[in-house]
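Beneath this line is the structure, given in structure tokens, with notes to follow.
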Amino acid sequence: MPQEPRLQMLPDSSMKLSGQHFRKVVRRIESIVPLAGDNITVEPKEGGYEISATLNVITLNVCSNGTPSTIMVYGPLDL
């Protein structure tokens, strides 16, 4: 889908908005696509995108209200 141009700012004064303005907003939102980056891949699929990430999982021992617990933290592979 082609990238839609940025929307112009609306004035601060009272005004009526037309259906055309809302159609522009919808087209602008629908044209936004996720970006791939370090350890993240994006593949177009029918009806959207599939985002995959290769991440390092670190398990941390923590205390939750006085009870021992663990949390999992996800980060880049090159830690």
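Residue numbering restarts at 1 for every chain of the structure tokens, chains are lettered A, B, ... in their displayed order, and ligands are numbered from 1 as they appear.
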Write out as an MDAnalysis selection string the residues lying within 10 Å of stretch 21-34 of chain A, counting only C-alpha atoms and excluding same-chain residues fewer than 6 positions away. chainID A and resid 1:7 41:44 48:51
When DSSP works through the backbone of this structure, what residues of chain A end up as strand (DSSP E), shown as a PyMOL selection string? chain A and resi 40-45+48-53+56-64+67-75
Would you list, as a list of chain:residue names, the residues of chain A that end up in helix (DSSP H, G or I) under DSSP run on this structure's backbone?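 Listing helix (DSSP H, G or I) positions across chain A yields A:Gly19, A:Gln20, A:His21, A:Phe22, A:Arg23, A:Lys24, A:Val25, A:Val26, A:Arg27, A:Arg28, A:Ile29, A:Glu30, A:Ser31.
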List the spatial neighbours of A:Asn61 as a list in words - criterion: any atom at most 12 Å away, only C-alpha atoms, same-chain residues fewer than 3 positions off excluded. Ile58, Ser64, Thr67, Pro68, Ser69, Thr70, Ile71, Met72 and Val73 of chain A
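Atom CA of A:Gln8 to atom CA of A:Gly37 spans 29.2 Å [interatomic distance, one decimal].
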Grab the atom CA of A:Leu77 to atom CA of A:Leu35 distance for me, in Å with one decimal place. 18.7 Å
